[in-house]
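Undergrad: A single structure is presented below for examination.
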Amino acid sequence: MKFTLNNYEDLKTRVGNMSVESLLKTVCCPDMIPASNKECYTECVGHYLASGAKEDNKRLADKIYSEFSERLITADFENGAGAGIKGATRFPEMMAFGEVDDTNLAYKMGEICAAEARPLGYTWTLAPCVDLAINKLNPIVNLRCQGDDVEKAIRIGGAYMRGLQDNGIIATLKHFPGDGVGFYDQHLTVGENTLTKNEWDNTYGKIYKTLINEGAMAVMPGHISLGSYDEIDEKMDMYPPATLSKNLLTCLLKNQLGFEGIIVSDALNMGGHCGYINFFDGCCQFLESGGDCLLFVHPSEEFLQEMTARVENGLLCVETLKNRAYRMLCFARQYHENLKPIPVVSSYDAKKVSDEVVEKACKIIRDRNNIVPFNIKKDTKILHLAIHNNYHKNDVDSITTELKKLADAVTFMEDPGPGKILSEIKNGNYDLVVCTIGCWLSYGTNAIKLYGPTARNMMNGWTKMGVPVVFVNYGNPWLSDEYKATIDTLINTYGCTDHTAEAVIKTIIKK
């Protein structure tokens with residue numbers, strides 16, 4: 001059922017009596033570090049609690065709720081609470097769920113997320129990511145979405161959304177009007193969605209319209225332009241990002257698609273926003289364009305002074321500010337009035353769900369020489385080679401740990417250079433090479449593939465020396481295309497959890 005925002009007459013009265021500074025605080029959603037003892041902006045309706053230990057998250061949440069109970073605490077739980085809370089269940093990335101294509105498992109991830117996040121004070125997540133991986137070189141979307149299939153995005157994204165919202169976590173569709181088409185990182189500059197109106201209507205438009213009608217409570221616009229539905233900014237000689245576009249936020253999202261929930265910006269310190277326009281002017285324009293909540297904006301003394309001056313100069317209308325503050329207060333009250341019981345899910349059952357997704361998503365993408373399954377014995381000499389950008393060390397080390405359970409002679413090398421690799425293999429030192437490879441997403445890198453000196457490890461032809469090589473790719477799922485000639489055997493995992501290494505080794509040795 002489509003979400004509609006309730007009206008509360010007493011909140012209208014409250015907003016009517018609020019100062020400009022209080023109104024501004026109400027629409028801010030600052031990012032807070034749970035372990036920090038810095039000032040807590042309790043007047044803000046929304047608060048983003050960055051990744052931290054459970055006890056720190058709970059302490060800060062309690063502090064926020066102690067002064068005003070009708071508050072919302074959010075984080076980017078794009079693939080479960082483990083994406084933002086240390087110690088919570090780790091799930092693989094959303095593309096793993098797209099590969100498995102099981103709506104029940106996606107729903108369960110939402111339920112488990114609520115079970116783990118709500119006791120710590122979380123009520124809201126900036127997820128799911130319902131972008132489409134249309135452009136394989138897009139540096140932002142990649143594993144974070146379900147793939148490039150519209151219907152799958154609706155099925156899997158919708159199932160995760162329902163799993164969250166049925167269990168008391170507000171879901172947020174992102175990044176409107178749709179990332180994954182262009183080549184640019186909106187952390188650095190304005191991303192571009194270059195689809196025609198007809199193409200957009202049949203892809204992103206269909207996803208948003210369907211999930212809005214199924215009850216999405218919040219939408220996050222990205223710093224992404226959509227020229228087919230907008231007007232060019234002649235001064236800049238380009239189309240504006242959605243966070244600055246009334247045509248996209250009001251005319252398209254609200255009026256044409258019928259969205260009535262809260263519009264929360266993507267982080268406004270990103271280059272796609274404040275590299276396009278003065279930061280404070282941009283905050284005003286986002287609100288005037290139809291937005292409700294300023295993400296990663298702290299109501300500091302400087303911010304309040306700068307924004308108050310803009311209200312006085314007419315850049316931000318007082319009535320607009322009152323409306324956005326009122327909507328945020330109504331949104332928080334409506335959530336707390338309809339508070340659902342916290343689901344109870346044991347850590348054992350949560351891990352069981354995650355492990356099932358991991359094992360189903362772990363797939364052999366290519367095996368030209370039919371070396372899988374490989375019979376690893378105690379005397380098998382194995383080289384675990386790591387060639388990667390932006391990997392998590394523990395996830396790489398876990399492969400070595402699992403290999404050592406099967407064989408006595410396991411050597412680990414990280415980024416040794418192509419000459420060293422070739423020499424080791426030609427000398428007959430190994431019976432099997434297992435190579436974890438790829439690039440993990442990291443904002444601001446502007447690339448999702450091997451780059452720089454690390455990429456040079458793929459030179460010198462060591463993959464064709466007759467020694468079996470199994471490549472294991474946690475990250476960028478299109479590594480098989482880029483290294484079509486070089487990589488003969490490849491396993492994709494679509495993310496990494498505590499169970500991924502075990503699932504990989506099972507895939508290598510299973511008969």
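By order of appearance in the structure tokens: chains A, B, ..., then residues from 1 within every chain, and ligands from 1 in the order shown.
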Could you give me, as a list of chain:residue names, the residues within 8 Å of Lys108 in chain A, counting only C-alpha atoms and dropping anything in the same chain fewer than 6 positions from it?
TA: A:Tyr160, A:Gly163, A:Val353
Undergrad: Could the residues in this selection be saved with C-alpha atoms as an mmCIF file, in the first residue's frame?
TA:
```cif
data_model
loop_
_atom_site.group_PDB
_atom_site.id
_atom_site.type_symbol
_atom_site.label_atom_id
_atom_site.label_comp_id
_atom_site.auth_asym_id
_atom_site.auth_seq_id
_atom_site.Cartn_x
_atom_site.Cartn_y
_atom_site.Cartn_z
ATOM 1 C CA TYR A 160 14.249 -6.099 1.188
ATOM 2 C CA GLY A 163 11.410 -6.955 5.218
ATOM 3 C CA VAL A 353 20.346 -17.041 6.252
#
```
Undergrad: What are the DSSP helix (DSSP H, G or I) residues of range 190-350 of chain A, as a PyMOL selection string?
TA: chain A and resi 197-202+204-213+227-229+242-244+246-256+271-274+279-289+301-312+318-337+347-350
Undergrad: Mind checking DSSP for range 202-434 of chain A and telling me the strand (DSSP E or B) residues as a ChimeraX atom specification?
TA: /A:218-221,224-226,233,238,262-264,293-295,363-367,381-389,409-414,432-434
Undergrad: Filtering to N, CA and C atoms, could you give me those residues as a short mmCIF file (atom, residue, chain, number, x, y, z; two decimals), in the first residue's frame?
TA:
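Result file is again-v6.cif:
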```cif
data_model
loop_
_atom_site.label_atom_id
_atom_site.label_comp_id
_atom_site.auth_asym_id
_atom_site.auth_seq_id
_atom_site.Cartn_x
_atom_site.Cartn_y
_atom_site.Cartn_z
N ALA A 218 10.55 6.61 2.06
CA ALA A 218 11.53 7.66 1.81
C ALA A 218 12.26 7.40 0.51
N VAL A 219 12.71 8.47 -0.12
CA VAL A 219 13.51 8.39 -1.34
C VAL A 219 14.71 9.31 -1.19
N MET A 220 15.87 8.82 -1.62
CA MET A 220 17.08 9.63 -1.62
C MET A 220 17.45 10.00 -3.06
N PRO A 221 17.38 11.28 -3.41
CA PRO A 221 17.92 11.69 -4.69
C PRO A 221 19.44 11.76 -4.62
N ILE A 224 22.78 13.46 -9.26
CA ILE A 224 22.77 12.86 -10.60
C ILE A 224 21.77 13.62 -11.46
N SER A 225 22.18 13.99 -12.65
CA SER A 225 21.29 14.72 -13.56
C SER A 225 20.49 13.74 -14.42
N LEU A 226 19.37 14.22 -14.91
CA LEU A 226 18.53 13.47 -15.85
C LEU A 226 18.03 14.47 -16.89
N ASP A 233 21.13 24.05 -17.30
CA ASP A 233 21.57 25.23 -16.57
C ASP A 233 22.55 25.96 -17.50
N MET A 238 25.29 22.66 -18.28
CA MET A 238 25.05 21.25 -17.95
C MET A 238 23.71 21.15 -17.21
N ILE A 262 9.07 11.10 2.55
CA ILE A 262 10.16 12.05 2.82
C ILE A 262 11.26 11.92 1.77
N ILE A 263 11.74 13.07 1.33
CA ILE A 263 12.87 13.12 0.40
C ILE A 263 14.10 13.55 1.19
N VAL A 264 15.04 12.63 1.34
CA VAL A 264 16.28 12.91 2.07
C VAL A 264 17.41 12.99 1.06
N CYS A 293 14.98 16.75 3.93
CA CYS A 293 15.97 16.46 4.96
C CYS A 293 17.37 16.59 4.39
N LEU A 294 18.22 17.38 5.08
CA LEU A 294 19.58 17.68 4.64
C LEU A 294 20.56 16.69 5.28
N LEU A 295 21.03 15.72 4.49
CA LEU A 295 21.88 14.67 5.03
C LEU A 295 23.32 15.13 5.20
N LYS A 363 29.74 -18.62 -7.38
CA LYS A 363 29.56 -19.32 -8.65
C LYS A 363 30.84 -19.38 -9.48
N ILE A 364 30.99 -20.49 -10.18
CA ILE A 364 32.07 -20.62 -11.15
C ILE A 364 31.63 -19.91 -12.42
N ILE A 365 32.30 -18.83 -12.74
CA ILE A 365 31.95 -18.05 -13.93
C ILE A 365 32.60 -18.62 -15.17
N ARG A 366 33.80 -19.17 -15.01
CA ARG A 366 34.53 -19.70 -16.15
C ARG A 366 35.50 -20.78 -15.66
N ASP A 367 35.63 -21.85 -16.44
CA ASP A 367 36.61 -22.91 -16.12
C ASP A 367 37.01 -23.58 -17.42
N LYS A 381 51.02 -28.33 -2.87
CA LYS A 381 51.71 -27.06 -2.62
C LYS A 381 50.90 -25.94 -3.25
N ILE A 382 50.42 -25.00 -2.40
CA ILE A 382 49.48 -23.97 -2.85
C ILE A 382 50.06 -22.58 -2.63
N LEU A 383 49.91 -21.75 -3.63
CA LEU A 383 50.21 -20.32 -3.49
C LEU A 383 48.90 -19.56 -3.43
N HIS A 384 48.69 -18.85 -2.34
CA HIS A 384 47.56 -17.91 -2.29
C HIS A 384 48.11 -16.55 -2.64
N LEU A 385 47.71 -16.07 -3.78
CA LEU A 385 48.19 -14.80 -4.32
C LEU A 385 47.08 -13.76 -4.19
N ALA A 386 47.42 -12.56 -3.70
CA ALA A 386 46.43 -11.49 -3.54
C ALA A 386 46.80 -10.32 -4.45
N ILE A 387 45.91 -10.02 -5.40
CA ILE A 387 46.09 -8.89 -6.32
C ILE A 387 44.83 -8.05 -6.21
N HIS A 388 44.93 -6.95 -5.51
CA HIS A 388 43.68 -6.23 -5.25
C HIS A 388 43.90 -4.77 -4.90
N ASN A 389 42.88 -3.99 -5.16
CA ASN A 389 42.77 -2.63 -4.65
C ASN A 389 41.60 -2.58 -3.67
N ALA A 409 51.34 -27.13 2.92
CA ALA A 409 52.25 -26.16 2.31
C ALA A 409 51.46 -25.08 1.59
N VAL A 410 51.13 -24.02 2.30
CA VAL A 410 50.38 -22.90 1.73
C VAL A 410 51.20 -21.63 1.92
N THR A 411 51.51 -20.97 0.83
CA THR A 411 52.30 -19.73 0.86
C THR A 411 51.40 -18.57 0.45
N PHE A 412 51.52 -17.45 1.16
CA PHE A 412 50.73 -16.26 0.83
C PHE A 412 51.64 -15.16 0.31
N MET A 413 51.25 -14.55 -0.79
CA MET A 413 51.95 -13.39 -1.34
C MET A 413 50.94 -12.32 -1.72
N GLU A 414 51.24 -11.08 -1.36
CA GLU A 414 50.36 -9.96 -1.70
C GLU A 414 51.10 -8.98 -2.59
N LEU A 432 49.11 -25.57 -7.27
CA LEU A 432 47.86 -24.82 -7.44
C LEU A 432 48.09 -23.40 -6.99
N VAL A 433 47.54 -22.46 -7.77
CA VAL A 433 47.53 -21.05 -7.36
C VAL A 433 46.08 -20.63 -7.16
N VAL A 434 45.78 -20.09 -6.00
CA VAL A 434 44.47 -19.48 -5.73
C VAL A 434 44.71 -17.99 -5.61
#
```
Undergrad: What is the CA of Lys209 in chain A to CA of Arg333 in chain A distance in Å?
TA: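 It comes out at 25.5 Å.
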Undergrad: Mind checking which residues fall within 12 Å of Gly452 in chain A, counting only C-alpha atoms, ignoring those fewer than 5 positions away in the same chain, and posting them as a list in words?
TA: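 Contacts, with the query itself left out: Ile387, His388, Asn389, Asp415, Gly417, Cys439, Thr445, Ala447, Asn457 and Met458 of chain A.
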Undergrad: How many Å lie between CA of Ser228 in chain A and CA of Asn135 in chain A, rounded to one decimal?
TA: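 It comes out at 18.1 Å.
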Undergrad: Taking into account only C-alpha atoms, which residue in the set A:Arg59, A:Arg144, A:Lys405, A:Lys351 is nearest to Cys113 in chain A?
TA: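 Distance minimum relative to Cys113 in chain A lands on A:Lys351.
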Undergrad: By how many Å are CA of Leu339 in chain A and CA of Gly168 in chain A apart?
TA: 6.4 Å
Undergrad: List the neighbours of range 354-358 of chain A out to 9 Å using only C-alpha atoms; skip same-chain residues closer than 6 positions along the sequence, and give me the result as an MDAnalysis selection string.
TA: chainID A and resid 89:92 96:97 100 102 105 109 493:500 503
